[in-house]
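Trainee: This is the content of model.txt (compact mmCIF, N, CA and C atoms):
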# COMPACT_ATOMS: atom_id res chain seq x y z
N MET A 27 91.97 10.99 128.59
CA MET A 27 90.65 11.15 129.17
C MET A 27 89.64 10.45 128.29
N ARG A 28 88.53 10.08 128.86
CA ARG A 28 87.49 9.40 128.10
C ARG A 28 86.53 10.42 127.50
N ILE A 29 85.65 9.93 126.63
CA ILE A 29 84.78 10.81 125.84
C ILE A 29 83.89 11.69 126.72
N GLY A 30 83.36 11.16 127.80
CA GLY A 30 82.49 11.95 128.67
C GLY A 30 83.22 13.12 129.31
N GLU A 31 84.44 12.87 129.76
CA GLU A 31 85.24 13.94 130.38
C GLU A 31 85.60 15.00 129.34
N LEU A 32 85.99 14.57 128.15
CA LEU A 32 86.32 15.53 127.09
C LEU A 32 85.10 16.38 126.74
N ALA A 33 83.96 15.75 126.61
CA ALA A 33 82.74 16.48 126.29
C ALA A 33 82.44 17.51 127.36
N ALA A 34 82.54 17.12 128.61
CA ALA A 34 82.27 18.04 129.72
C ALA A 34 83.26 19.20 129.71
N ARG A 35 84.53 18.91 129.53
CA ARG A 35 85.54 19.97 129.54
C ARG A 35 85.40 20.91 128.35
N ALA A 36 84.90 20.38 127.22
CA ALA A 36 84.75 21.21 126.02
C ALA A 36 83.39 21.89 125.97
N GLY A 37 82.50 21.56 126.89
CA GLY A 37 81.18 22.17 126.91
C GLY A 37 80.29 21.68 125.79
N THR A 38 80.40 20.40 125.46
CA THR A 38 79.59 19.83 124.39
C THR A 38 79.09 18.46 124.82
N THR A 39 78.61 17.68 123.87
CA THR A 39 78.06 16.37 124.20
C THR A 39 78.91 15.27 123.57
N THR A 40 78.76 14.07 124.10
CA THR A 40 79.48 12.94 123.52
C THR A 40 78.98 12.67 122.10
N ARG A 41 77.72 12.92 121.87
CA ARG A 41 77.16 12.74 120.52
C ARG A 41 77.86 13.67 119.52
N THR A 42 78.07 14.91 119.93
CA THR A 42 78.76 15.87 119.06
C THR A 42 80.19 15.40 118.78
N LEU A 43 80.86 14.89 119.81
CA LEU A 43 82.23 14.41 119.61
C LEU A 43 82.27 13.24 118.64
N ARG A 44 81.32 12.34 118.76
CA ARG A 44 81.27 11.21 117.82
C ARG A 44 81.00 11.72 116.40
N TYR A 45 80.17 12.76 116.28
CA TYR A 45 79.90 13.34 114.96
C TYR A 45 81.17 13.96 114.39
N TYR A 46 81.90 14.73 115.20
CA TYR A 46 83.16 15.31 114.74
C TYR A 46 84.13 14.21 114.31
N GLU A 47 84.14 13.12 115.04
CA GLU A 47 85.00 11.99 114.69
C GLU A 47 84.59 11.41 113.34
N SER A 48 83.28 11.28 113.12
CA SER A 48 82.80 10.73 111.84
C SER A 48 83.15 11.65 110.67
N ARG A 49 83.28 12.94 110.94
CA ARG A 49 83.64 13.92 109.90
C ARG A 49 85.15 14.08 109.75
N GLY A 50 85.92 13.36 110.56
CA GLY A 50 87.37 13.41 110.46
C GLY A 50 88.02 14.59 111.14
N LEU A 51 87.27 15.31 111.97
CA LEU A 51 87.84 16.47 112.66
C LEU A 51 88.45 16.10 114.01
N LEU A 52 88.06 14.99 114.54
CA LEU A 52 88.55 14.53 115.84
C LEU A 52 88.93 13.07 115.69
N SER A 53 90.07 12.71 116.23
CA SER A 53 90.53 11.32 116.14
C SER A 53 90.65 10.74 117.54
N ALA A 54 89.91 9.68 117.77
CA ALA A 54 89.99 9.01 119.06
C ALA A 54 90.97 7.86 118.98
N ARG A 55 91.66 7.67 120.06
CA ARG A 55 92.45 6.47 120.20
C ARG A 55 91.60 5.50 121.00
N ARG A 56 91.83 4.22 120.87
CA ARG A 56 91.03 3.22 121.56
C ARG A 56 91.87 2.47 122.57
N THR A 57 91.27 2.23 123.72
CA THR A 57 91.93 1.40 124.73
C THR A 57 91.71 -0.06 124.35
N GLY A 58 92.32 -0.96 125.10
CA GLY A 58 92.18 -2.38 124.84
C GLY A 58 90.74 -2.86 124.89
N ASN A 59 89.93 -2.19 125.72
CA ASN A 59 88.53 -2.60 125.83
C ASN A 59 87.62 -1.79 124.90
N GLY A 60 88.20 -0.99 124.01
CA GLY A 60 87.43 -0.29 122.99
C GLY A 60 86.97 1.12 123.35
N TYR A 61 87.27 1.59 124.55
CA TYR A 61 86.87 2.94 124.92
C TYR A 61 87.69 3.98 124.16
N ARG A 62 87.02 5.06 123.79
CA ARG A 62 87.72 6.17 123.15
C ARG A 62 88.51 6.91 124.21
N THR A 63 89.73 7.32 123.85
CA THR A 63 90.52 8.15 124.76
C THR A 63 91.05 9.36 124.00
N TYR A 64 91.21 10.44 124.73
CA TYR A 64 91.63 11.71 124.16
C TYR A 64 92.66 12.35 125.08
N ASP A 65 93.32 13.39 124.56
CA ASP A 65 94.30 14.11 125.37
C ASP A 65 94.06 15.62 125.28
N GLU A 66 94.95 16.38 125.85
CA GLU A 66 94.80 17.84 125.88
C GLU A 66 94.82 18.46 124.48
N ASP A 67 95.54 17.84 123.55
CA ASP A 67 95.55 18.34 122.17
C ASP A 67 94.16 18.25 121.55
N ASP A 68 93.44 17.17 121.87
CA ASP A 68 92.08 17.02 121.37
C ASP A 68 91.17 18.09 121.95
N LEU A 69 91.38 18.42 123.22
CA LEU A 69 90.60 19.49 123.84
C LEU A 69 90.88 20.82 123.14
N LYS A 70 92.13 21.05 122.78
CA LYS A 70 92.49 22.29 122.07
C LYS A 70 91.80 22.34 120.70
N LEU A 71 91.76 21.19 120.00
CA LEU A 71 91.06 21.12 118.71
C LEU A 71 89.59 21.46 118.89
N LEU A 72 88.99 20.88 119.89
CA LEU A 72 87.56 21.12 120.14
C LEU A 72 87.29 22.58 120.47
N ARG A 73 88.13 23.17 121.26
CA ARG A 73 87.94 24.58 121.61
C ARG A 73 88.06 25.46 120.36
N GLN A 74 88.97 25.09 119.46
CA GLN A 74 89.11 25.84 118.20
C GLN A 74 87.84 25.71 117.37
N ILE A 75 87.34 24.49 117.24
CA ILE A 75 86.11 24.24 116.46
C ILE A 75 84.96 25.02 117.07
N ARG A 76 84.79 24.93 118.37
CA ARG A 76 83.67 25.59 119.04
C ARG A 76 83.74 27.11 118.91
N THR A 77 84.93 27.66 119.05
CA THR A 77 85.10 29.11 118.92
C THR A 77 84.72 29.57 117.52
N LEU A 78 85.21 28.86 116.51
CA LEU A 78 84.88 29.23 115.14
C LEU A 78 83.39 29.09 114.87
N GLN A 79 82.77 28.04 115.38
CA GLN A 79 81.33 27.87 115.18
C GLN A 79 80.56 28.98 115.88
N ASP A 80 81.04 29.42 117.04
CA ASP A 80 80.40 30.55 117.73
C ASP A 80 80.47 31.81 116.88
N PHE A 81 81.51 31.93 116.05
CA PHE A 81 81.68 33.08 115.15
C PHE A 81 80.89 32.93 113.86
N GLY A 82 80.22 31.78 113.66
CA GLY A 82 79.41 31.58 112.47
C GLY A 82 80.05 30.73 111.39
N PHE A 83 81.19 30.13 111.67
CA PHE A 83 81.82 29.25 110.70
C PHE A 83 81.08 27.91 110.72
N ASP A 84 80.88 27.33 109.53
CA ASP A 84 80.27 26.01 109.53
C ASP A 84 81.36 24.98 109.81
N LEU A 85 80.94 23.77 110.08
CA LEU A 85 81.89 22.75 110.51
C LEU A 85 83.00 22.52 109.50
N GLU A 86 82.68 22.48 108.23
CA GLU A 86 83.71 22.24 107.22
C GLU A 86 84.72 23.38 107.17
N GLU A 87 84.28 24.60 107.46
CA GLU A 87 85.20 25.73 107.45
C GLU A 87 86.23 25.65 108.58
N THR A 88 85.98 24.83 109.59
CA THR A 88 86.93 24.69 110.69
C THR A 88 88.09 23.75 110.35
N ARG A 89 87.91 22.96 109.30
CA ARG A 89 88.91 21.92 108.97
C ARG A 89 90.34 22.47 108.82
N PRO A 90 90.58 23.55 108.08
CA PRO A 90 91.97 24.04 107.96
C PRO A 90 92.59 24.44 109.31
N PHE A 91 91.78 24.93 110.21
CA PHE A 91 92.27 25.32 111.54
C PHE A 91 92.67 24.08 112.34
N VAL A 92 91.82 23.04 112.25
CA VAL A 92 92.10 21.78 112.93
C VAL A 92 93.38 21.16 112.35
N GLU A 93 93.49 21.15 111.04
CA GLU A 93 94.67 20.57 110.40
C GLU A 93 95.94 21.35 110.77
N CYS A 94 95.80 22.64 110.91
CA CYS A 94 96.94 23.47 111.31
C CYS A 94 97.40 23.11 112.72
N LEU A 95 96.46 22.94 113.62
CA LEU A 95 96.81 22.52 114.98
C LEU A 95 97.44 21.13 114.98
N ARG A 96 96.87 20.23 114.20
CA ARG A 96 97.42 18.87 114.12
C ARG A 96 98.84 18.86 113.56
N ALA A 97 99.15 19.84 112.72
CA ALA A 97 100.49 19.93 112.14
C ALA A 97 101.51 20.44 113.16
N GLY A 98 101.03 20.79 114.35
CA GLY A 98 101.95 21.20 115.41
C GLY A 98 102.05 22.69 115.63
N HIS A 99 101.26 23.48 114.92
CA HIS A 99 101.30 24.93 115.12
C HIS A 99 100.60 25.28 116.44
N PRO A 100 101.07 26.32 117.11
CA PRO A 100 100.47 26.67 118.41
C PRO A 100 99.05 27.23 118.29
N GLU A 101 98.71 27.77 117.13
CA GLU A 101 97.38 28.32 116.90
C GLU A 101 96.83 27.76 115.60
N GLY A 102 95.52 27.62 115.53
CA GLY A 102 94.88 27.07 114.35
C GLY A 102 94.87 28.00 113.15
N ASP A 103 95.16 29.26 113.39
CA ASP A 103 95.15 30.21 112.27
C ASP A 103 96.57 30.62 111.86
N ALA A 104 97.53 29.76 112.16
CA ALA A 104 98.92 30.04 111.81
C ALA A 104 99.29 29.51 110.42
N CYS A 105 98.33 28.96 109.71
CA CYS A 105 98.60 28.35 108.41
C CYS A 105 97.89 29.12 107.29
N PRO A 106 98.47 29.13 106.09
CA PRO A 106 97.85 29.84 104.97
C PRO A 106 96.42 29.42 104.68
N ALA A 107 96.10 28.14 104.78
CA ALA A 107 94.74 27.67 104.48
C ALA A 107 93.72 28.28 105.45
N SER A 108 94.12 28.47 106.69
CA SER A 108 93.23 29.10 107.67
C SER A 108 92.97 30.56 107.31
N LEU A 109 94.00 31.23 106.83
CA LEU A 109 93.85 32.63 106.44
C LEU A 109 92.90 32.77 105.25
N VAL A 110 92.94 31.81 104.35
CA VAL A 110 92.02 31.81 103.21
C VAL A 110 90.58 31.72 103.72
N VAL A 111 90.34 30.87 104.70
CA VAL A 111 88.99 30.73 105.26
C VAL A 111 88.57 32.03 105.95
N TYR A 112 89.48 32.64 106.70
CA TYR A 112 89.16 33.94 107.33
C TYR A 112 88.75 34.97 106.27
N ARG A 113 89.54 35.05 105.20
CA ARG A 113 89.23 36.03 104.14
C ARG A 113 87.87 35.74 103.51
N SER A 114 87.60 34.49 103.27
CA SER A 114 86.32 34.10 102.68
C SER A 114 85.16 34.45 103.60
N LYS A 115 85.33 34.20 104.89
CA LYS A 115 84.26 34.50 105.86
C LYS A 115 84.06 36.01 105.95
N LEU A 116 85.12 36.78 105.92
CA LEU A 116 84.98 38.24 105.94
C LEU A 116 84.24 38.74 104.71
N ALA A 117 84.54 38.19 103.55
CA ALA A 117 83.84 38.59 102.32
C ALA A 117 82.36 38.23 102.44
N GLU A 118 82.07 37.07 102.97
CA GLU A 118 80.68 36.66 103.17
C GLU A 118 79.96 37.62 104.14
N LEU A 119 80.63 37.97 105.22
CA LEU A 119 80.04 38.90 106.19
C LEU A 119 79.85 40.28 105.58
N ASP A 120 80.80 40.74 104.79
CA ASP A 120 80.66 42.04 104.12
C ASP A 120 79.43 42.05 103.21
N THR A 121 79.22 40.96 102.48
CA THR A 121 78.05 40.86 101.61
C THR A 121 76.77 40.91 102.42
N LEU A 122 76.74 40.18 103.52
CA LEU A 122 75.55 40.18 104.38
C LEU A 122 75.29 41.56 104.98
N ILE A 123 76.35 42.23 105.39
CA ILE A 123 76.20 43.58 105.94
C ILE A 123 75.63 44.53 104.89
N GLU A 124 76.13 44.43 103.67
CA GLU A 124 75.61 45.27 102.58
C GLU A 124 74.14 44.99 102.34
N GLU A 125 73.77 43.72 102.33
CA GLU A 125 72.36 43.36 102.12
C GLU A 125 71.49 43.88 103.26
N LEU A 126 71.95 43.73 104.49
CA LEU A 126 71.17 44.22 105.64
C LEU A 126 71.08 45.74 105.64
N THR A 127 72.15 46.40 105.25
CA THR A 127 72.13 47.86 105.17
C THR A 127 71.10 48.31 104.13
N SER A 128 71.02 47.63 103.02
CA SER A 128 70.04 47.95 101.99
C SER A 128 68.62 47.73 102.49
N VAL A 129 68.39 46.60 103.13
CA VAL A 129 67.06 46.31 103.68
C VAL A 129 66.69 47.34 104.74
N ARG A 130 67.65 47.71 105.58
CA ARG A 130 67.38 48.70 106.62
C ARG A 130 66.98 50.04 106.00
N ALA A 131 67.68 50.43 104.95
CA ALA A 131 67.36 51.68 104.26
C ALA A 131 65.95 51.62 103.68
N GLN A 132 65.57 50.49 103.12
CA GLN A 132 64.22 50.34 102.55
C GLN A 132 63.15 50.42 103.64
N VAL A 133 63.40 49.78 104.77
CA VAL A 133 62.43 49.83 105.88
C VAL A 133 62.35 51.24 106.44
N ALA A 134 63.48 51.92 106.57
CA ALA A 134 63.47 53.30 107.07
C ALA A 134 62.71 54.21 106.12
N ALA A 135 62.88 54.00 104.82
CA ALA A 135 62.15 54.81 103.83
C ALA A 135 60.65 54.54 103.91
N GLN A 136 60.29 53.28 104.07
CA GLN A 136 58.87 52.92 104.20
C GLN A 136 58.28 53.54 105.46
N LEU A 137 59.01 53.51 106.56
CA LEU A 137 58.54 54.13 107.80
C LEU A 137 58.37 55.63 107.60
N ALA A 138 59.32 56.29 106.95
CA ALA A 138 59.22 57.73 106.71
C ALA A 138 57.99 58.06 105.88
N ARG A 139 57.71 57.24 104.83
CA ARG A 139 56.51 57.47 104.02
C ARG A 139 55.24 57.28 104.85
N ALA A 140 55.23 56.25 105.67
CA ALA A 140 54.05 55.96 106.48
C ALA A 140 53.82 57.06 107.51
N GLU A 141 54.88 57.54 108.12
CA GLU A 141 54.74 58.60 109.12
C GLU A 141 54.28 59.91 108.46
N ALA A 142 54.75 60.16 107.23
CA ALA A 142 54.35 61.39 106.53
C ALA A 142 52.86 61.33 106.16
N ALA A 143 52.35 60.14 105.91
CA ALA A 143 50.94 59.99 105.53
C ALA A 143 50.01 60.15 106.72
N VAL A 144 50.50 59.92 107.92
CA VAL A 144 49.68 60.04 109.13
C VAL A 144 50.36 61.07 110.03
N PRO A 145 49.93 62.34 109.95
CA PRO A 145 50.56 63.37 110.77
C PRO A 145 50.52 62.99 112.25
N GLY A 146 51.64 63.02 112.88
CA GLY A 146 51.73 62.69 114.29
C GLY A 146 51.71 61.19 114.54
N GLY A 147 51.42 60.42 113.53
CA GLY A 147 51.37 58.97 113.68
C GLY A 147 50.21 58.56 114.56
N PRO A 148 49.95 57.30 114.64
CA PRO A 148 48.85 56.83 115.49
C PRO A 148 49.19 57.06 116.96
N GLY A 149 48.17 57.31 117.74
CA GLY A 149 48.37 57.52 119.17
C GLY A 149 48.73 56.23 119.86
N PRO A 150 49.36 56.34 121.02
CA PRO A 150 49.72 55.13 121.75
C PRO A 150 48.46 54.42 122.24
N LYS A 151 48.55 53.11 122.34
CA LYS A 151 47.44 52.32 122.84
C LYS A 151 47.80 51.73 124.18
N CYS A 152 46.80 51.59 125.04
CA CYS A 152 47.05 50.94 126.31
C CYS A 152 47.06 49.43 126.09
N GLU A 153 47.49 48.69 127.09
CA GLU A 153 47.60 47.24 126.97
C GLU A 153 46.26 46.57 126.72
N LEU A 154 45.16 47.20 127.09
CA LEU A 154 43.84 46.60 126.92
C LEU A 154 43.22 46.92 125.56
N GLY A 155 43.97 47.58 124.70
CA GLY A 155 43.52 47.84 123.36
C GLY A 155 42.86 49.18 123.15
N GLY A 156 42.65 49.96 124.17
CA GLY A 156 42.06 51.29 124.01
C GLY A 156 43.15 52.33 123.83
N HIS A 157 42.74 53.56 123.51
CA HIS A 157 43.70 54.64 123.36
C HIS A 157 43.97 55.27 124.71
N VAL A 158 45.14 55.80 124.87
CA VAL A 158 45.53 56.48 126.10
C VAL A 158 45.12 57.92 126.03
Would you kindly transcribe this structure into C-alpha cells?

Mentor:
Amino acid sequence: MRIGELAARAGTTTRTLRYYESRGLLSARRTGNGYRTYDEDDLKLLRQIRTLQDFGFDLEETRPFVECLRAGHPEGDACPASLVVYRSKLAELDTLIEELTSVRAQVAAQLARAEAAVPGGPGPKCELGGHV
C-alpha cells in the first residue's frame, strides 16, 4: 500500500509517517518510480506506536516494541527490552501519582482552613454577579 493509504488506515498523517521513517521506526520500501510502499506488518508497527503514545509513552520509548515486532514476535511486548520500558513507565507513573496525591492533600488542607475561617463559606452567586 502507498503512504496515503497506510496513514488513513493507521489514523495518522503522511507527515507523521515520514517523521517515523526519519527516526528509524518505520521503513518504507520504494517502487521503481520512487513511491513509498508498505505492508500489513507496517500497519501493525504503527498501531503499536500509536497505542503506546496514547498511553503516554514518548516516541523513543516505543522503539523496543517496534524492534520486537520486527524480530518476528506476534506482540511488541514479547521481548525483554519492552518489559524494561513497561517497568520504567510504571515507576514514572507511580512517582507522578505520589506527587499528585501530595498536591491534592495540600489543596484539601488549604480548602479546609479556608472553610473554617469563613463559617458556612461564601453564599452562592447568581450568574449576573449578585447573591442568591

Trainee: How many Å lie between CA of Leu32 (chain A) and CA of Leu72 (chain A), rounded to one decimal?

Mentor: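 One can read the CA of Leu32 (chain A) to CA of Leu72 (chain A) distance as 9.0 Å.
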
Trainee: Quote the spacing between CA of Arg28 (chain A) and atom C of Arg49 (chain A) in Å to one decimal place.

Mentor: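 CA of Arg28 (chain A) sits 19.1 Å away from atom C of Arg49 (chain A).
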
Trainee: Check region 34-77 of chain A with DSSP on the backbone and list each residue it calls strand (DSSP E), as a list in words.

Mentor: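 Secondary structure check on region 34-77 of chain A, strand (DSSP E): Arg55, Arg56, Arg62 and Thr63 of chain A.
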
Trainee: Just to confirm, what's the straight-line distance from CA of Arg62 (chain A) to CA of Thr39 (chain A) in Å (one decimal)?

Mentor: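 Between CA of Arg62 (chain A) and CA of Thr39 (chain A) the gap works out to 14.1 Å.
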
Trainee: Under the rule that only C-alpha atoms are counted, which of A:Gln74, A:Ser114, A:Thr57, A:Gln132 is the nearest residue to Ala36 (chain A)?

Mentor: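 Using only C-alpha atoms, Ala36 (chain A) sits closest to A:Gln74.
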
Trainee: Quick one: DSSP helix (DSSP H, G or I) residues in chain A, as JSON, numbers by chain?

Mentor: {"A": [29, 30, 31, 32, 33, 34, 35, 36, 40, 41, 42, 43, 44, 45, 46, 47, 48, 66, 67, 68, 69, 70, 71, 72, 73, 74, 75, 76, 77, 78, 79, 80, 85, 86, 87, 88, 89, 90, 91, 92, 93, 94, 95, 96, 106, 107, 108, 109, 110, 111, 112, 113, 114, 115, 116, 117, 118, 119, 120, 121, 122, 123, 124, 125, 126, 127, 128, 129, 130, 131, 132, 133, 134, 135, 136, 137, 138, 139, 140, 141, 142, 143]}

Trainee: Find the residues near Leu69 (chain A): any atom within 10 Å, counting only C-alpha atoms, skip ones fewer than 2 places away on the same chain, and give them as a list in words.

Mentor: Met27, Leu32, Ala33, Arg35, Ala36, Leu52, Tyr64, Asp65, Glu66, Asp67, Leu71, Leu72, Arg73, Gln74 and Ile75 of chain A

Trainee: Which residue gives the smallest distance to Tyr112 (chain A) among A:Glu87, A:Arg76, A:Ala142, A:Arg44, with only C-alpha atoms counted?

Mentor: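 Of A:Glu87, A:Arg76, A:Ala142, A:Arg44, the one nearest Tyr112 (chain A) is A:Glu87, counting only C-alpha atoms.
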
Trainee: Would you please work out which residue, of A:Thr88, A:Thr63, A:Thr38, A:Thr77, is nearest to Leu51 (chain A) when using only C-alpha atoms?

Mentor: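 Once distances to Leu51 (chain A) are computed over only C-alpha atoms, the minimum belongs to A:Thr88.
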